[in-house]
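Printed here is run_24.txt (compact mmCIF, C-alpha atoms):
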```txt
# COMPACT_ATOMS: atom_id res chain seq x y z
CA MET B 150 1.80 32.28 -12.92
CA THR B 151 -1.47 30.45 -12.92
CA GLY B 152 -3.74 33.38 -13.54
CA SER B 153 -3.39 34.08 -17.24
CA LEU B 154 -2.57 32.37 -20.48
CA SER B 155 -1.63 34.22 -23.65
CA ASP B 156 -1.59 32.84 -27.20
CA GLU B 157 2.18 32.49 -27.39
CA MET B 158 2.65 30.70 -24.06
CA VAL B 159 3.87 27.11 -24.29
CA PRO B 160 2.32 24.54 -21.96
CA MET B 161 4.28 21.53 -20.83
CA LEU B 162 3.51 18.73 -18.36
CA ALA B 163 5.28 19.46 -15.09
CA ARG B 164 8.23 17.35 -13.97
CA GLY B 165 7.11 13.98 -12.68
CA VAL B 166 3.78 14.08 -14.55
CA ARG B 167 3.09 11.52 -17.25
CA LEU B 168 0.39 9.74 -19.22
CA ARG B 169 -0.28 6.06 -18.98
CA GLY B 170 -2.82 3.75 -20.54
CA ASP B 171 -4.62 1.64 -17.93
CA GLN B 172 -6.34 -1.55 -19.01
CA HIS B 173 -7.71 -2.15 -15.50
CA ARG B 174 -9.66 1.09 -15.51
CA ASP B 175 -10.20 1.16 -19.28
CA ALA B 176 -8.86 4.70 -19.36
CA THR B 177 -5.86 6.90 -19.90
CA MET B 178 -4.50 8.09 -16.58
CA LEU B 179 -2.41 11.14 -15.84
CA LEU B 180 0.05 10.16 -13.13
CA ALA B 181 1.75 12.66 -10.83
CA PRO B 182 3.22 12.57 -7.33
CA GLU B 183 0.45 11.25 -5.02
CA ARG B 184 -2.13 11.76 -7.76
CA ALA B 185 -3.77 9.84 -10.57
CA LEU B 186 -6.38 11.50 -12.77
CA LYS B 187 -8.66 9.54 -15.05
CA LEU B 188 -8.77 11.63 -18.20
CA ASP B 189 -11.88 12.22 -20.25
CA PRO B 190 -11.43 12.09 -24.06
CA VAL B 191 -11.18 15.89 -24.38
CA ALA B 192 -8.51 16.20 -21.68
CA GLU B 193 -6.58 13.34 -23.21
CA ALA B 194 -6.74 14.91 -26.68
CA ILE B 195 -5.41 18.20 -25.32
CA ILE B 196 -2.55 16.56 -23.43
CA ARG B 197 -1.57 14.44 -26.42
CA GLU B 198 -1.06 17.63 -28.47
CA ILE B 199 1.26 19.13 -25.85
CA ASP B 200 4.89 18.61 -26.77
CA GLY B 201 6.70 21.43 -25.02
CA GLU B 202 7.06 23.33 -28.34
CA ARG B 203 3.53 24.18 -29.41
CA SER B 204 2.02 27.40 -28.14
CA PHE B 205 -1.47 27.73 -26.74
CA ALA B 206 -2.69 29.19 -30.07
CA GLU B 207 -1.12 26.33 -32.02
CA LEU B 208 -2.79 23.80 -29.73
CA VAL B 209 -6.15 25.42 -30.37
CA ASP B 210 -5.46 25.29 -34.16
CA ARG B 211 -4.72 21.59 -34.00
CA LEU B 212 -7.67 20.77 -31.76
CA GLU B 213 -9.97 22.72 -34.06
CA ALA B 214 -9.18 20.12 -36.72
CA VAL B 215 -10.08 17.30 -34.32
CA PHE B 216 -13.22 18.57 -32.65
CA ASP B 217 -16.35 19.66 -34.39
CA ALA B 218 -16.93 22.79 -32.33
CA PRO B 219 -16.64 26.56 -32.73
CA ARG B 220 -13.11 27.90 -32.25
CA ASP B 221 -14.00 30.21 -29.35
CA ARG B 222 -15.53 27.27 -27.49
CA ILE B 223 -12.42 25.13 -28.03
CA GLU B 224 -10.18 28.01 -26.99
CA ARG B 225 -12.16 28.52 -23.80
CA ASP B 226 -12.16 24.80 -22.90
CA VAL B 227 -8.43 24.41 -23.53
CA ARG B 228 -7.66 27.57 -21.55
CA ASP B 229 -9.78 26.45 -18.59
CA PHE B 230 -8.19 23.01 -18.64
CA LEU B 231 -4.61 24.29 -18.82
CA LEU B 232 -5.13 26.85 -16.06
CA ASP B 233 -6.77 24.24 -13.85
CA MET B 234 -3.86 21.85 -14.41
CA ALA B 235 -1.36 24.63 -13.74
CA GLY B 236 -3.19 25.43 -10.50
CA ARG B 237 -2.71 21.83 -9.42
CA GLY B 238 1.00 22.02 -10.19
CA MET B 239 0.68 19.49 -13.02
CA MET B 240 1.28 21.85 -15.96
CA GLU B 241 3.93 24.47 -16.59
CA LEU B 242 3.07 27.49 -18.70
CA SER B 243 6.01 29.49 -20.03
CA MET D 96 -17.74 -7.37 -2.28
CA ASN D 97 -15.60 -6.39 -5.23
CA PRO D 98 -13.19 -3.59 -4.26
CA GLY D 99 -11.83 -2.70 -7.70
CA PRO D 100 -8.09 -2.61 -8.32
CA PRO D 101 -5.74 -0.97 -5.78
CA MET D 102 -4.18 2.35 -6.78
CA ALA D 103 -1.09 2.38 -4.62
CA LEU D 104 1.46 0.15 -2.95
CA LEU D 105 3.55 1.36 -0.03
CA ALA D 106 6.65 -0.85 -0.17
CA GLU D 107 8.40 -0.66 3.19
CA LEU D 108 11.68 -2.14 2.06
CA THR D 109 13.40 -1.99 5.44
CA HIS D 110 13.05 -0.64 8.94
CA ARG D 111 16.76 0.22 9.05
CA CYS D 112 17.27 3.97 9.15
CA PRO D 113 20.22 6.16 10.15
CA LEU D 114 17.79 8.70 11.62
CA ALA D 115 15.90 8.19 14.87
CA CYS D 116 12.98 10.62 14.52
CA PRO D 117 10.53 10.33 17.44
CA TYR D 118 7.59 11.06 15.10
CA CYS D 119 8.18 7.90 13.03
CA SER D 120 4.99 5.94 12.39
CA ASN D 121 6.86 2.63 12.12
CA PRO D 122 5.85 0.05 14.72
CA VAL D 123 7.76 0.02 18.00
CA ASP D 124 8.80 -3.58 17.25
CA LEU D 125 11.01 -2.97 14.22
CA VAL D 126 11.78 -5.74 11.73
CA ARG D 127 15.47 -6.66 11.67
CA ARG D 128 17.61 -6.96 8.55
CA SER D 129 17.76 -10.77 8.77
CA ALA D 130 13.95 -10.93 8.47
CA GLU D 131 13.71 -8.60 5.43
CA LEU D 132 12.29 -9.90 2.15
CA PRO D 133 15.03 -10.78 -0.34
CA THR D 134 15.35 -8.97 -3.69
CA GLU D 135 13.61 -11.77 -5.65
CA ALA D 136 10.54 -11.56 -3.43
CA TRP D 137 10.24 -7.80 -3.98
CA VAL D 138 10.71 -8.28 -7.72
CA SER D 139 7.73 -10.67 -7.78
CA VAL D 140 5.63 -8.36 -5.62
CA LEU D 141 6.26 -5.36 -7.87
CA ARG D 142 5.35 -7.27 -11.04
CA GLU D 143 2.25 -8.69 -9.39
CA ALA D 144 1.23 -5.24 -8.15
CA ALA D 145 1.41 -3.84 -11.68
CA GLU D 146 -0.58 -6.81 -13.02
CA ILE D 147 -3.46 -6.24 -10.60
CA GLY D 148 -3.75 -2.55 -11.44
CA VAL D 149 -1.52 -0.69 -8.96
CA LEU D 150 -0.42 2.64 -10.47
CA HIS D 151 1.90 4.15 -7.84
CA VAL D 152 4.59 2.39 -5.86
CA HIS D 153 6.09 4.28 -2.94
CA PHE D 154 9.46 2.90 -1.83
CA SER D 155 9.67 3.65 1.83
CA GLY D 156 10.91 2.30 5.14
CA GLY D 157 12.84 2.98 7.37
CA GLU D 158 15.29 4.44 4.94
CA PRO D 159 14.87 2.62 1.61
CA ALA D 160 18.35 3.74 0.50
CA SER D 161 19.67 1.38 3.21
CA ARG D 162 18.88 -1.41 0.73
CA ARG D 163 21.60 -1.95 -1.88
CA ASP D 164 19.01 -3.35 -4.30
CA LEU D 165 16.96 -0.13 -4.35
CA GLU D 166 18.15 0.77 -7.86
CA ALA D 167 17.33 -2.73 -9.14
CA LEU D 168 13.85 -2.63 -7.60
CA VAL D 169 13.14 0.80 -9.10
CA ALA D 170 14.14 -0.57 -12.50
CA VAL D 171 11.75 -3.53 -12.16
CA ALA D 172 8.90 -1.26 -11.06
CA ALA D 173 9.47 1.23 -13.87
CA GLU D 174 9.65 -1.56 -16.45
CA ALA D 175 6.30 -2.85 -15.17
CA GLY D 176 4.83 0.61 -15.85
CA LEU D 177 4.47 1.67 -12.21
CA TYR D 178 4.85 5.31 -11.20
CA THR D 179 7.84 5.14 -8.86
CA ASN D 180 8.27 7.35 -5.81
CA LEU D 181 11.17 7.24 -3.37
CA ILE D 182 10.36 8.38 0.17
CA THR D 183 13.72 9.14 1.72
CA SER D 184 15.59 11.02 4.42
CA GLY D 185 18.35 11.49 1.83
CA VAL D 186 20.91 9.84 4.12
CA GLY D 187 22.68 7.08 2.21
CA LEU D 188 22.15 8.65 -1.20
CA THR D 189 25.01 9.98 -3.32
CA GLU D 190 25.00 11.85 -6.62
CA VAL D 191 25.94 8.60 -8.36
CA ARG D 192 23.03 6.72 -6.78
CA ILE D 193 20.54 9.47 -7.62
CA GLN D 194 21.74 9.54 -11.21
CA ALA D 195 21.39 5.75 -11.33
CA LEU D 196 17.86 5.93 -9.90
CA ALA D 197 16.88 8.53 -12.50
CA GLU D 198 18.30 6.39 -15.30
CA ARG D 199 16.36 3.38 -14.04
CA GLY D 200 13.12 5.33 -14.27
CA LEU D 201 12.49 6.84 -10.83
CA ASP D 202 9.66 9.33 -11.40
CA HIS D 203 9.78 11.29 -8.17
CA LEU D 204 11.75 11.76 -4.98
CA GLN D 205 10.19 12.81 -1.70
CA LEU D 206 12.73 14.20 0.73
CA SER D 207 11.99 14.57 4.44
CA VAL D 208 13.06 17.72 6.25
CA GLN D 209 12.93 17.64 10.05
CA ALA D 210 13.62 21.35 10.55
CA PRO D 211 15.04 24.21 8.45
CA GLU D 212 17.74 24.94 11.00
CA PRO D 213 20.75 22.62 11.67
CA ALA D 214 20.71 22.32 15.46
CA LEU D 215 17.00 21.59 15.62
CA ALA D 216 17.19 19.22 12.64
CA ASP D 217 19.92 17.27 14.47
CA ARG D 218 17.92 17.21 17.70
CA ILE D 219 14.76 15.89 16.00
CA SER D 220 16.46 13.34 13.77
CA GLY D 221 19.00 12.16 16.36
CA TYR D 222 21.58 12.40 13.57
CA ARG D 223 24.34 14.92 12.93
CA ASP D 224 24.39 17.20 9.90
CA ALA D 225 21.37 15.64 8.22
CA LEU D 226 20.37 19.05 6.86
CA ALA D 227 23.55 19.53 4.82
CA GLN D 228 23.03 16.09 3.27
CA LYS D 229 19.43 17.01 2.40
CA ARG D 230 20.55 20.16 0.60
CA ALA D 231 22.94 18.05 -1.46
CA VAL D 232 20.28 15.44 -2.25
CA ALA D 233 17.86 18.15 -3.43
CA ALA D 234 20.52 19.63 -5.73
CA TRP D 235 21.41 16.21 -7.17
CA THR D 236 17.72 15.40 -7.73
CA ASN D 237 17.19 18.65 -9.60
CA ARG D 238 20.34 18.08 -11.65
CA ALA D 239 19.02 14.62 -12.61
CA GLY D 240 15.81 16.28 -13.82
CA MET D 241 13.61 14.41 -11.37
CA ALA D 242 10.53 15.79 -9.65
CA LEU D 243 11.10 16.72 -6.01
CA THR D 244 8.72 16.98 -3.07
CA VAL D 245 9.78 18.14 0.37
CA ASN D 246 7.92 16.39 3.17
CA ALA D 247 7.85 18.21 6.48
CA VAL D 248 6.28 16.40 9.40
CA MET D 249 5.18 19.07 11.85
CA HIS D 250 4.82 18.96 15.63
CA ARG D 251 5.30 21.07 18.70
CA ALA D 252 9.09 21.28 18.33
CA ASN D 253 9.18 22.62 14.75
CA LEU D 254 5.84 24.35 14.09
CA GLY D 255 7.38 27.68 15.12
CA LEU D 256 9.64 27.39 12.06
CA LEU D 257 6.90 26.57 9.53
CA PRO D 258 7.43 29.78 7.48
CA GLN D 259 11.17 29.02 7.25
CA THR D 260 10.36 25.41 6.32
CA ILE D 261 8.24 26.64 3.40
CA ASP D 262 11.03 29.03 2.32
CA MET D 263 13.47 26.16 2.45
CA ALA D 264 11.32 23.98 0.18
CA VAL D 265 11.42 26.77 -2.43
CA GLU D 266 15.16 27.21 -1.96
CA LEU D 267 15.73 23.47 -2.42
CA GLY D 268 13.94 23.66 -5.78
CA ALA D 269 11.01 21.45 -4.79
CA GLN D 270 7.86 21.60 -6.91
CA ARG D 271 5.74 20.25 -4.07
CA LEU D 272 5.67 20.53 -0.30
CA GLU D 273 3.76 18.33 2.07
CA VAL D 274 3.13 19.94 5.43
CA ALA D 275 1.86 17.01 7.44
CA HIS D 276 1.05 16.97 11.11
CA VAL D 277 2.25 13.83 12.87
CA GLN D 278 0.14 10.70 12.52
CA TYR D 279 0.11 9.19 15.98
CA HIS D 280 1.02 5.57 15.30
CA GLY D 281 3.97 3.47 16.43
CA TRP D 282 6.87 5.57 17.72
CA ALA D 283 4.88 8.76 17.27
CA LEU D 284 2.16 7.51 19.60
CA ARG D 285 4.82 6.76 22.19
CA ASN D 286 6.04 10.35 21.75
CA ARG D 287 2.67 12.05 21.80
CA GLY D 288 3.48 14.03 24.91
CA ALA D 289 6.52 15.53 23.16
CA LEU D 290 4.89 16.14 19.79
CA LEU D 291 1.27 17.23 20.16
CA PRO D 292 0.86 20.81 19.00
CA THR D 293 -1.19 23.33 20.89
CA ARG D 294 -4.48 24.49 19.45
CA ALA D 295 -2.89 27.89 18.77
CA GLN D 296 -0.02 26.26 16.87
CA ALA D 297 -2.42 24.21 14.76
CA ASP D 298 -4.54 27.26 13.90
CA ALA D 299 -1.45 29.31 13.03
CA ALA D 300 -0.14 26.52 10.78
CA ARG D 301 -3.32 26.52 8.70
CA ALA D 302 -3.10 30.29 8.19
CA ILE D 303 0.60 30.13 7.26
CA VAL D 304 -0.06 27.39 4.69
CA ASP D 305 -3.00 29.30 3.17
CA GLU D 306 -0.87 32.44 2.81
CA ALA D 307 2.02 30.49 1.25
CA ARG D 308 -0.30 28.74 -1.20
CA SER D 309 -1.51 31.98 -2.71
CA ARG D 310 1.91 33.68 -2.61
CA LEU D 311 3.68 30.69 -4.20
CA SER D 312 1.02 29.74 -6.76
CA GLY D 313 2.76 28.27 -9.81
CA ILE D 314 6.04 27.90 -7.87
CA LEU D 315 5.27 25.51 -5.03
CA GLN D 316 2.27 23.24 -4.65
CA THR D 317 1.53 22.72 -0.95
CA ASP D 318 -0.48 19.83 0.46
CA TYR D 319 -1.59 20.13 4.04
CA VAL D 320 -2.48 17.30 6.42
CA PRO D 321 -4.18 18.88 9.45
CA PRO D 322 -3.98 17.44 12.95
CA ASP D 323 -7.19 15.52 13.57
CA HIS D 324 -7.17 16.22 17.31
CA PHE D 325 -8.70 19.63 16.74
CA ALA D 326 -10.84 18.77 13.72
CA GLN D 327 -14.60 18.44 13.51
CA PHE D 328 -14.41 15.26 11.46
CA PRO D 329 -11.80 12.50 11.35
CA LYS D 330 -9.24 11.89 8.61
CA PRO D 331 -10.51 9.65 5.80
CA CYS D 332 -8.03 7.04 6.85
CA MET D 333 -6.35 5.40 3.83
CA GLY D 334 -9.15 6.83 1.65
CA GLY D 335 -11.21 3.92 2.97
CA TRP D 336 -9.88 0.61 4.32
CA GLY D 337 -9.02 -1.66 1.42
CA GLN D 338 -10.22 0.91 -1.10
CA VAL D 339 -7.12 2.64 -2.41
CA GLY D 340 -3.91 1.06 -1.31
CA MET D 341 -1.93 -1.50 0.59
CA THR D 342 1.31 -1.63 2.54
CA ILE D 343 3.85 -4.41 2.45
CA THR D 344 6.11 -4.60 5.50
CA PRO D 345 9.85 -5.37 5.35
CA GLU D 346 9.11 -9.00 6.22
CA GLY D 347 6.37 -9.29 3.59
CA LYS D 348 3.08 -8.93 5.43
CA VAL D 349 0.34 -7.33 3.37
CA LEU D 350 -1.51 -4.66 5.36
CA PRO D 351 -4.53 -2.46 4.59
CA CYS D 352 -2.76 0.40 6.43
CA HIS D 353 0.82 0.75 7.66
CA ALA D 354 -0.35 0.83 11.28
CA ALA D 355 -2.84 -2.05 10.96
CA GLU D 356 -0.65 -4.43 12.96
CA THR D 357 -1.74 -2.56 16.11
CA ILE D 358 -5.16 -4.23 15.72
CA PRO D 359 -4.44 -7.53 17.46
CA HIS D 360 -7.37 -9.62 16.25
CA LEU D 361 -6.46 -9.19 12.58
CA THR D 362 -4.11 -11.63 10.90
CA PHE D 363 -2.15 -10.52 7.88
CA GLU D 364 -1.20 -12.72 4.99
CA ALA D 365 2.32 -12.80 3.60
CA VAL D 366 3.36 -12.13 0.01
CA GLY D 367 3.99 -15.38 -1.80
CA SER D 368 1.43 -17.31 0.28
CA ARG D 369 -1.16 -16.62 -2.41
CA PRO D 370 -1.53 -14.13 -5.28
CA LEU D 371 -1.44 -10.48 -4.21
CA GLY D 372 -4.74 -9.81 -6.01
CA GLU D 373 -6.44 -12.48 -3.88
CA ILE D 374 -5.01 -11.05 -0.66
CA TRP D 375 -6.29 -7.62 -1.72
CA ALA D 376 -9.78 -8.81 -2.70
CA ASP D 377 -10.45 -11.76 -0.40
CA SER D 378 -8.36 -11.71 2.76
CA ALA D 379 -10.10 -11.35 6.10
CA ALA D 380 -7.91 -8.39 7.11
CA PHE D 381 -8.77 -6.38 3.98
CA ASN D 382 -12.47 -7.21 4.24
CA ALA D 383 -12.67 -6.47 7.99
CA TYR D 384 -13.40 -2.75 7.57
CA ARG D 385 -14.11 -2.46 3.86
CA GLY D 386 -17.32 -0.75 2.78
CA THR D 387 -19.90 0.29 5.40
CA ASP D 388 -21.38 -2.95 6.81
CA TRP D 389 -18.94 -3.16 9.72
CA MET D 390 -19.69 0.37 10.89
CA SER D 391 -21.28 1.43 14.16
CA GLU D 392 -24.81 2.82 13.99
CA THR D 393 -23.33 6.33 14.39
CA CYS D 394 -21.26 5.94 11.21
CA ARG D 395 -23.75 3.94 9.17
CA ALA D 396 -26.41 6.63 9.64
CA CYS D 397 -23.95 9.44 8.87
CA PRO D 398 -24.05 11.23 5.50
CA ARG D 399 -20.24 11.42 5.65
CA ARG D 400 -19.82 7.62 5.89
CA GLU D 401 -18.25 7.46 2.44
CA ILE D 402 -16.31 10.71 2.85
CA ASP D 403 -14.25 9.82 5.91
CA PHE D 404 -15.13 6.12 6.23
CA GLY D 405 -15.50 6.31 10.01
CA GLY D 406 -11.96 7.66 10.37
CA CYS D 407 -8.94 5.77 11.62
CA ARG D 408 -9.44 2.15 12.81
CA CYS D 409 -6.22 2.17 14.80
CA GLN D 410 -7.20 5.35 16.65
CA ALA D 411 -10.64 3.86 17.34
CA LEU D 412 -8.99 0.83 18.87
CA ALA D 413 -6.43 2.81 20.85
CA HIS D 414 -8.96 5.18 22.43
CA ALA D 415 -12.35 3.50 22.29
CA GLY D 416 -11.07 -0.06 22.72
CA ASP D 417 -12.94 -1.14 19.59
CA ALA D 418 -11.47 -0.94 16.10
CA ALA D 419 -15.00 -0.80 14.60
CA ALA D 420 -16.03 2.21 16.69
CA THR D 421 -16.38 5.70 15.27
CA ASP D 422 -12.98 7.43 15.33
CA PRO D 423 -12.98 9.35 18.65
CA ALA D 424 -11.57 12.38 16.78
CA CYS D 425 -15.01 12.75 15.15
CA GLU D 426 -17.35 15.19 16.87
CA ARG D 427 -20.14 12.62 16.41
CA SER D 428 -18.27 9.94 18.36
CA PRO D 429 -19.68 9.32 21.85
CA MET D 430 -16.02 9.27 22.97
CA ASN D 431 -15.16 12.65 21.44
CA ALA D 432 -15.35 14.76 24.63
CA GLU D 433 -13.22 12.29 26.52
CA PHE D 434 -10.74 12.09 23.62
CA ARG D 435 -10.33 15.86 23.54
CA GLN D 436 -9.90 16.04 27.29
CA ARG D 437 -7.29 13.33 27.17
CA VAL D 438 -5.39 15.14 24.41
CA ALA D 439 -5.58 18.45 26.29
CA ALA D 440 -4.35 16.80 29.49
CA GLU D 441 -1.47 14.90 27.84
CA PRO D 442 1.59 15.53 30.03
CA GLN D 443 4.60 16.92 28.17
CA SER D 444 7.42 14.45 27.75
CA ALA D 445 10.92 14.24 26.28
CA PHE D 446 11.74 12.56 22.96
CA VAL D 447 12.05 8.79 22.91
CA TYR D 448 14.19 8.16 19.82
CA ARG D 449 13.26 5.44 17.36
CA ARG D 450 15.79 2.63 17.73
CA PHE D 451 15.96 -1.13 17.43
CA SER D 452 15.54 -2.67 20.86
CA THR D 453 18.75 -4.09 22.25
CA GLY D 454 16.98 -7.03 23.93
```
Just give me the structure as structure tokens.
Amino acid sequence: MTGSLSDEMVPMLARGVRLRGDQHRDATMLLAPERALKLDPVAEAIIREIDGERSFAELVDRLEAVFDAPRDRIERDVRDFLLDMAGRGMMELS
Amino acid sequence: MNPGPPMALLAELTHRCPLACPYCSNPVDLVRRSAELPTEAWVSVLREAAEIGVLHVHFSGGEPASRRDLEALVAVAAEAGLYTNLITSGVGLTEVRIQALAERGLDHLQLSVQAPEPALADRISGYRDALAQKRAVAAWTNRAGMALTVNAVMHRANLGLLPQTIDMAVELGAQRLEVAHVQYHGWALRNRGALLPTRAQADAARAIVDEARSRLSGILQTDYVPPDHFAQFPKPCMGGWGQVGMTITPEGKVLPCHAAETIPHLTFEAVGSRPLGEIWADSAAFNAYRGTDWMSETCRACPRREIDFGGCRCQALAHAGDAAATDPACERSPMNAEFRQRVAAEPQSAFVYRRFSTG
């Protein structure tokens, strides 16, 4: 189910995927089997709000308070990011 | 030159393995148990690896579960912050051991499957009833809440069952599947005549994987390693020599690639002889093919020089007689036509099983 994302869906990092600070690369890395992604600040902020309980709409609410940007822009960025991560098998959307 | 920190460490804990797969990329001269690094040496290596910036450690072999200290080493690696992956045949694991590995922080288990059908699985692995054990290991891994990848090494004898192999990965509850054509090093090179797929098999495999990817989107993530014998360009071997990762052999040699020992003029330093970070950054073996200065004119002038890094050094040596030559699998290699002819003319042979020599 990587095609769509509704407001009430709850994203969660897939099994075996976790965040880690990395002093050598001066970045936060997302580690997964055979993969390591260097996160930009926006991606990191989104992932840090994901707790396996909050819905997509709730994530957008919380990120609206963090980022100085119009809500529809935030919603679009978060949606694109979550769908991309789901497509790579790193995020579960249920 | 400054390579930046390594991303990954392949820790070949042992060459002992209950299976005898002819496609194994371990060297033909296997390291015996008496020559294996002791626990304390691996503990130091793992801590050092984390300190110099390694993110992923892959416990491999041989069969890493043949080492009784596997659980202890996973614990040390996890404590040091490393992402821990166990590359296993599943033979030698029990539910108790898998639970213990999960509790000690194992992030991910990669389970090999030789074939989705018992008789063929036994014939390829040279081991009886391996498939039943693999089903159990997958169930225990899922029950422990760990991430599971199925790794299927494909060749002439099992490519006909690729669709069933994909179905089996789903059935086993894997989140990921690696469909990887054989890498012809070590035992696999010796078995090339038994393993090389036909062009038709290779083309069919690509189509089957593409279909499965779209059908199983969100259920199973499939990575595909194509056979380079039919490719236009070579594999980006190791993501660049000395760029991404290193291998440590059971006896403690530090290699830029797990097959690098086939290049006879290189000498490899041992863990403990000097800090791992120095071996990574300064040793002659790691600097031999790092960057682009060593490349042939063909590679240096190529816009893909930092995409596939000239391909595989070991294959260049084996076929062109020069480890610094362009990989003969590349269409731009002057050896390419001869390489393809040689592959096409390879006589079919029977399996030579991977075993310790008795001499």
Expected answer as JSON, numbers by chain: chain B residues within 12 Å of chain D, all atoms listed in the file
{"B": [150, 151, 152, 153, 162, 163, 164, 165, 166, 167, 168, 169, 170, 171, 172, 173, 174, 175, 176, 177, 178, 179, 180, 181, 182, 183, 184, 185, 186, 187, 232, 233, 234, 235, 236, 237, 238, 239, 240, 241, 242, 243]}
Long-range neighbours of range 427-443 of chain D as a compact mmCIF listing (two decimals) with C-alpha atoms, keeping the file's coordinate frame, 12 Å cut-off, all atoms listed in the file, 5 positions minimum in chain:
```txt
# COMPACT_ATOMS: atom_id res chain seq x y z
CA ARG D 251 5.30 21.07 18.70
CA ALA D 252 9.09 21.28 18.33
CA TYR D 279 0.11 9.19 15.98
CA LEU D 284 2.16 7.51 19.60
CA ARG D 285 4.82 6.76 22.19
CA ASN D 286 6.04 10.35 21.75
CA ARG D 287 2.67 12.05 21.80
CA GLY D 288 3.48 14.03 24.91
CA ALA D 289 6.52 15.53 23.16
CA LEU D 290 4.89 16.14 19.79
CA LEU D 291 1.27 17.23 20.16
CA PRO D 292 0.86 20.81 19.00
CA THR D 293 -1.19 23.33 20.89
CA ARG D 294 -4.48 24.49 19.45
CA PRO D 322 -3.98 17.44 12.95
CA ASP D 323 -7.19 15.52 13.57
CA HIS D 324 -7.17 16.22 17.31
CA PHE D 325 -8.70 19.63 16.74
CA ALA D 326 -10.84 18.77 13.72
CA GLN D 327 -14.60 18.44 13.51
CA PHE D 328 -14.41 15.26 11.46
CA PRO D 329 -11.80 12.50 11.35
CA SER D 391 -21.28 1.43 14.16
CA GLU D 392 -24.81 2.82 13.99
CA THR D 393 -23.33 6.33 14.39
CA CYS D 394 -21.26 5.94 11.21
CA ARG D 395 -23.75 3.94 9.17
CA ALA D 396 -26.41 6.63 9.64
CA CYS D 397 -23.95 9.44 8.87
CA PRO D 398 -24.05 11.23 5.50
CA ARG D 399 -20.24 11.42 5.65
CA ARG D 400 -19.82 7.62 5.89
CA GLY D 405 -15.50 6.31 10.01
CA GLY D 406 -11.96 7.66 10.37
CA GLN D 410 -7.20 5.35 16.65
CA ALA D 411 -10.64 3.86 17.34
CA LEU D 412 -8.99 0.83 18.87
CA ALA D 413 -6.43 2.81 20.85
CA HIS D 414 -8.96 5.18 22.43
CA ALA D 415 -12.35 3.50 22.29
CA GLY D 416 -11.07 -0.06 22.72
CA ASP D 417 -12.94 -1.14 19.59
CA ALA D 419 -15.00 -0.80 14.60
CA ALA D 420 -16.03 2.21 16.69
CA THR D 421 -16.38 5.70 15.27
CA ASP D 422 -12.98 7.43 15.33
```
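When all atoms listed in the file are used to measure the gap to Lys330 in chain D, the shortest distance among D:Ala172, D:Leu272, D:Ile402, D:Ala383 belongs to D:Ile402.
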Please measure the separation of CA of Ile219 in chain D and CA of Thr109 in chain D, giving the value in Å to one decimal.
20.8 Å
Extract, using only C-alpha atoms, all DNA, RNA and protein residues at most 12 Å from Glu306 in chain D, discarding same-chain residues fewer than 4 positions from it, and format them as a ChimeraX atom specification.
/D:257-258,261,299-302,310-312,317
Distance in Å - CA of Thr344 in chain D versus CA of Ser220 in chain D
22.3 Å
Do you know which residues are at most 10 Å from Met333 in chain D counting all atoms listed in the file, after dropping those on the same chain fewer than 6 positions away, and could you put them as a VMD selection string?
chain D and resid 339 to 341 351 to 353 403 to 404 406 to 407
Please dump the current selection as a JSON list (two decimals), in the coordinates of the input; keep C-alpha atoms.
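Output contents, as saved in selection23.json:
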```json
[["chain", "number", "residue", "atom", "x", "y", "z"],
["D", 339, "VAL", "CA", -7.12, 2.64, -2.41],
["D", 340, "GLY", "CA", -3.91, 1.06, -1.31],
["D", 341, "MET", "CA", -1.93, -1.50, 0.59],
["D", 351, "PRO", "CA", -4.53, -2.46, 4.59],
["D", 352, "CYS", "CA", -2.76, 0.40, 6.43],
["D", 353, "HIS", "CA", 0.82, 0.75, 7.66],
["D", 403, "ASP", "CA", -14.25, 9.82, 5.91],
["D", 404, "PHE", "CA", -15.13, 6.12, 6.23],
["D", 406, "GLY", "CA", -11.96, 7.66, 10.37],
["D", 407, "CYS", "CA", -8.94, 5.77, 11.62]]
```
Residue nearest Ile196 in chain B among B:Asp210, B:Phe230, B:Asp217, B:Ile223 (counting all atoms listed in the file):
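When distances to Ile196 in chain B are compared using all atoms listed in the file, the smallest one comes from B:Phe230.
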From (11.7, -1.3, -10.6), in the file's coordinates, out to 9 Å: which residues are reached, counting only C-alpha atoms? Answer as a ChimeraX atom specification.
/D:138,141-142,165-177,179,199-201
For the selection you just gave me, I'd like the residues written to a file as a compact mmCIF listing (two decimals), keeping the file's coordinate frame, keeping C-alpha atoms.
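Generated output (selection_31.txt):
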```txt
# COMPACT_ATOMS: atom_id res chain seq x y z
CA VAL D 138 10.71 -8.28 -7.72
CA LEU D 141 6.26 -5.36 -7.87
CA ARG D 142 5.35 -7.27 -11.04
CA LEU D 165 16.96 -0.13 -4.35
CA GLU D 166 18.15 0.77 -7.86
CA ALA D 167 17.33 -2.73 -9.14
CA LEU D 168 13.85 -2.63 -7.60
CA VAL D 169 13.14 0.80 -9.10
CA ALA D 170 14.14 -0.57 -12.50
CA VAL D 171 11.75 -3.53 -12.16
CA ALA D 172 8.90 -1.26 -11.06
CA ALA D 173 9.47 1.23 -13.87
CA GLU D 174 9.65 -1.56 -16.45
CA ALA D 175 6.30 -2.85 -15.17
CA GLY D 176 4.83 0.61 -15.85
CA LEU D 177 4.47 1.67 -12.21
CA THR D 179 7.84 5.14 -8.86
CA ARG D 199 16.36 3.38 -14.04
CA GLY D 200 13.12 5.33 -14.27
CA LEU D 201 12.49 6.84 -10.83
```
